[in-house]
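> This structure is in structure tokens; I'll ask about it shortly.
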Amino acid sequence: MLVRLLYASRAVDTAPAAIEAILSQSRLHNPISGITGILCYGGGIFLQAIEGGRMAVSELFGHIQRDPRHKDVVLLHYEEISERRFGGWTMGQVNLLKLNQSILLKYSEKPELDPYAMSGKVSLALLEELMATASIIGRA
């Protein structure tokens, strides 16, 4: 059974090398577990959708909750799905520095990434629009 999980967290270390290390680890380990997804990072905040088998997604989310590189981990949305939305991605990345701020403003009160102030469904809609507008880099 396939599921999709959406969560937000804050980066403990916001240095570019630390963020790249998280992405690299995801791209290395997720394919082995059948995990696909998309990661949005900006202003020290991660917004990530992960898809895959129920056990694999649950195990990964548990790992993220215990990962000392993340804090304030919050589950935003969880659902059973019939097909993957991010199936072609082991882990895509959104570059918020190159993003049209009006996209963020469409979904939130301020033109900044703050999934803590959005519902899970709104956060997922934001990720889908970012994907549709080719705002995502690193489709590896």
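In the structure tokens, each chain is lettered A, B, ... as it comes, each chain's residues begin at 1, and ligands are numbered from 1 in order of appearance.
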I need the strand (DSSP E or B) residues of chain A per DSSP on the backbone, written as number ranges by chain.
A: 2-11, 36-42, 45-53, 70-81, 92-95, 136-137
> Limited to N, CA and C atoms, could you put the picked residues into a file as a short mmCIF file (atom, residue, chain, number, x, y, z; two decimals), in the first residue's frame?

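Output (again.cif):
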```
data_model
loop_
_atom_site.label_atom_id
_atom_site.label_comp_id
_atom_site.auth_asym_id
_atom_site.auth_seq_id
_atom_site.Cartn_x
_atom_site.Cartn_y
_atom_site.Cartn_z
N LEU A 2 0.57 2.17 -0.89
CA LEU A 2 1.31 3.42 -0.99
C LEU A 2 0.71 4.49 -0.08
N VAL A 3 1.58 5.31 0.50
CA VAL A 3 1.15 6.43 1.33
C VAL A 3 1.99 7.66 0.99
N ARG A 4 1.46 8.81 1.34
CA ARG A 4 2.19 10.07 1.21
C ARG A 4 2.17 10.75 2.57
N LEU A 5 3.32 11.22 2.99
CA LEU A 5 3.45 11.91 4.26
C LEU A 5 4.09 13.27 3.99
N LEU A 6 3.55 14.28 4.62
CA LEU A 6 4.08 15.64 4.48
C LEU A 6 4.43 16.13 5.88
N TYR A 7 5.66 16.65 6.02
CA TYR A 7 6.07 17.15 7.33
C TYR A 7 6.86 18.44 7.16
N ALA A 8 7.00 19.16 8.25
CA ALA A 8 7.85 20.34 8.32
C ALA A 8 8.82 20.15 9.47
N SER A 9 10.00 20.74 9.31
CA SER A 9 10.97 20.75 10.40
C SER A 9 11.87 21.97 10.24
N ARG A 10 12.61 22.25 11.29
CA ARG A 10 13.59 23.33 11.25
C ARG A 10 14.98 22.72 11.23
N ALA A 11 15.85 23.31 10.43
CA ALA A 11 17.23 22.83 10.36
C ALA A 11 17.99 23.30 11.59
N THR A 36 10.12 8.05 -2.75
CA THR A 36 10.24 9.19 -3.65
C THR A 36 9.72 10.41 -2.90
N GLY A 37 10.01 11.60 -3.42
CA GLY A 37 9.51 12.77 -2.73
C GLY A 37 10.10 14.05 -3.22
N ILE A 38 9.80 15.09 -2.50
CA ILE A 38 10.27 16.43 -2.84
C ILE A 38 10.54 17.18 -1.56
N LEU A 39 11.62 17.95 -1.57
CA LEU A 39 12.04 18.70 -0.40
C LEU A 39 12.10 20.18 -0.76
N CYS A 40 11.48 20.99 0.06
CA CYS A 40 11.53 22.44 -0.10
C CYS A 40 12.23 22.98 1.14
N TYR A 41 13.23 23.84 0.92
CA TYR A 41 13.98 24.39 2.04
C TYR A 41 14.12 25.89 1.86
N GLY A 42 13.88 26.62 2.92
CA GLY A 42 14.07 28.06 2.88
C GLY A 42 13.91 28.65 4.26
N ILE A 45 13.77 26.32 7.23
CA ILE A 45 12.63 25.40 7.36
C ILE A 45 12.61 24.41 6.20
N PHE A 46 12.37 23.15 6.54
CA PHE A 46 12.15 22.10 5.55
C PHE A 46 10.66 21.84 5.43
N LEU A 47 10.21 21.64 4.20
CA LEU A 47 8.87 21.13 3.92
C LEU A 47 9.10 19.96 2.98
N GLN A 48 8.71 18.78 3.39
CA GLN A 48 9.02 17.61 2.58
C GLN A 48 7.82 16.69 2.46
N ALA A 49 7.61 16.21 1.23
CA ALA A 49 6.62 15.15 0.96
C ALA A 49 7.41 13.90 0.65
N ILE A 50 7.06 12.80 1.30
CA ILE A 50 7.68 11.51 1.00
C ILE A 50 6.58 10.51 0.68
N GLU A 51 6.87 9.68 -0.32
CA GLU A 51 5.91 8.68 -0.77
C GLU A 51 6.59 7.31 -0.83
N GLY A 52 5.79 6.29 -0.63
CA GLY A 52 6.30 4.93 -0.72
C GLY A 52 5.40 3.99 0.04
N GLY A 53 5.92 2.81 0.30
CA GLY A 53 5.18 1.83 1.09
C GLY A 53 4.97 2.34 2.51
N HIS A 70 17.46 17.85 12.55
CA HIS A 70 16.11 18.42 12.47
C HIS A 70 15.59 18.72 13.87
N LYS A 71 14.81 19.79 13.99
CA LYS A 71 14.09 20.06 15.23
C LYS A 71 12.69 20.53 14.87
N ASP A 72 11.81 20.53 15.83
CA ASP A 72 10.42 20.95 15.63
C ASP A 72 9.76 20.20 14.48
N VAL A 73 9.95 18.89 14.42
CA VAL A 73 9.37 18.06 13.35
C VAL A 73 7.86 17.94 13.60
N VAL A 74 7.08 18.31 12.58
CA VAL A 74 5.62 18.30 12.71
C VAL A 74 5.02 17.57 11.50
N LEU A 75 4.14 16.62 11.77
CA LEU A 75 3.40 15.93 10.72
C LEU A 75 2.28 16.86 10.24
N LEU A 76 2.29 17.18 8.95
CA LEU A 76 1.28 18.08 8.39
C LEU A 76 0.15 17.34 7.70
N HIS A 77 0.47 16.21 7.07
CA HIS A 77 -0.54 15.50 6.27
C HIS A 77 -0.07 14.07 6.06
N TYR A 78 -1.02 13.14 6.09
CA TYR A 78 -0.73 11.73 5.83
C TYR A 78 -1.94 11.14 5.13
N GLU A 79 -1.70 10.42 4.04
CA GLU A 79 -2.82 9.81 3.33
C GLU A 79 -2.38 8.56 2.57
N GLU A 80 -3.34 7.67 2.39
CA GLU A 80 -3.13 6.53 1.49
C GLU A 80 -3.34 7.05 0.08
N ILE A 81 -2.52 6.59 -0.85
CA ILE A 81 -2.61 7.07 -2.23
C ILE A 81 -2.68 5.90 -3.20
N GLY A 92 13.63 15.73 -5.06
CA GLY A 92 13.77 17.01 -5.73
C GLY A 92 13.99 18.10 -4.70
N GLN A 93 14.56 19.21 -5.11
CA GLN A 93 14.83 20.32 -4.21
C GLN A 93 14.32 21.61 -4.82
N VAL A 94 13.68 22.42 -4.02
CA VAL A 94 13.19 23.72 -4.47
C VAL A 94 14.20 24.78 -4.04
N ASN A 95 14.62 25.60 -4.97
CA ASN A 95 15.53 26.70 -4.67
C ASN A 95 14.69 27.95 -4.42
N ILE A 136 11.63 23.46 -9.19
CA ILE A 136 12.36 22.42 -8.47
C ILE A 136 13.62 22.07 -9.23
N ILE A 137 14.70 21.95 -8.48
CA ILE A 137 15.99 21.58 -9.07
C ILE A 137 16.42 20.25 -8.49
#
```
> Can you build me a table of stretch 60-90 of chain A residues sitting at most 12 Å from stretch 125-135 of chain A, with the closest atom pair per residue and its distance in Å to one decimal, using only C-alpha atoms, sorted by chain and residue number, as JSON lines?

```
{"residue": "A:His77", "atom": "CA", "partner": "A:Ala125", "partner_atom": "CA", "distance": 11.5}
{"residue": "A:Arg85", "atom": "CA", "partner": "A:Glu128", "partner_atom": "CA", "distance": 8.5}
{"residue": "A:Phe86", "atom": "CA", "partner": "A:Met131", "partner_atom": "CA", "distance": 9.0}
{"residue": "A:Gly88", "atom": "CA", "partner": "A:Met131", "partner_atom": "CA", "distance": 11.5}
{"residue": "A:Trp89", "atom": "CA", "partner": "A:Met131", "partner_atom": "CA", "distance": 10.8}
```
> I need the residues from that last selection saved to file as a tab-separated table (two decimals), in the first residue's frame (with C-alpha atoms), if you can.

```tsv
chain	number	residue	atom	x	y	z
A	77	HIS	CA	-0.54	15.50	6.27
A	85	ARG	CA	2.72	12.27	-7.32
A	86	PHE	CA	6.51	12.51	-7.08
A	88	GLY	CA	10.08	10.44	-10.89
A	89	TRP	CA	11.98	11.98	-7.99
```
> Using DSSP assignments from the backbone, pull out every residue in chain A that falls under helix (DSSP H, G or I) and give it to me as a PyMOL selection string.
chain A and resi 16-33+54-66+96-98+101-107+115-117+120-132
> Could you jot down the atom CA of A:Gln25 to atom CA of A:Pro111 separation for me, Å, one decimal place?
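That distance, rounded to one decimal, is 29.2 Å.
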> Interatomic distance between atom CA of A:Ile64 and atom CA of A:Leu28?
15.2 Å
> What does the distance between atom CA of A:Ala56 and atom CA of A:Gly34 come to in Å, to one decimal place?
7.5 Å
> Considering only C-alpha atoms, state which residue in the set A:Leu96, A:Ser108, A:Leu124, A:Val12 is at the smallest distance from A:Asp67.
A:Val12
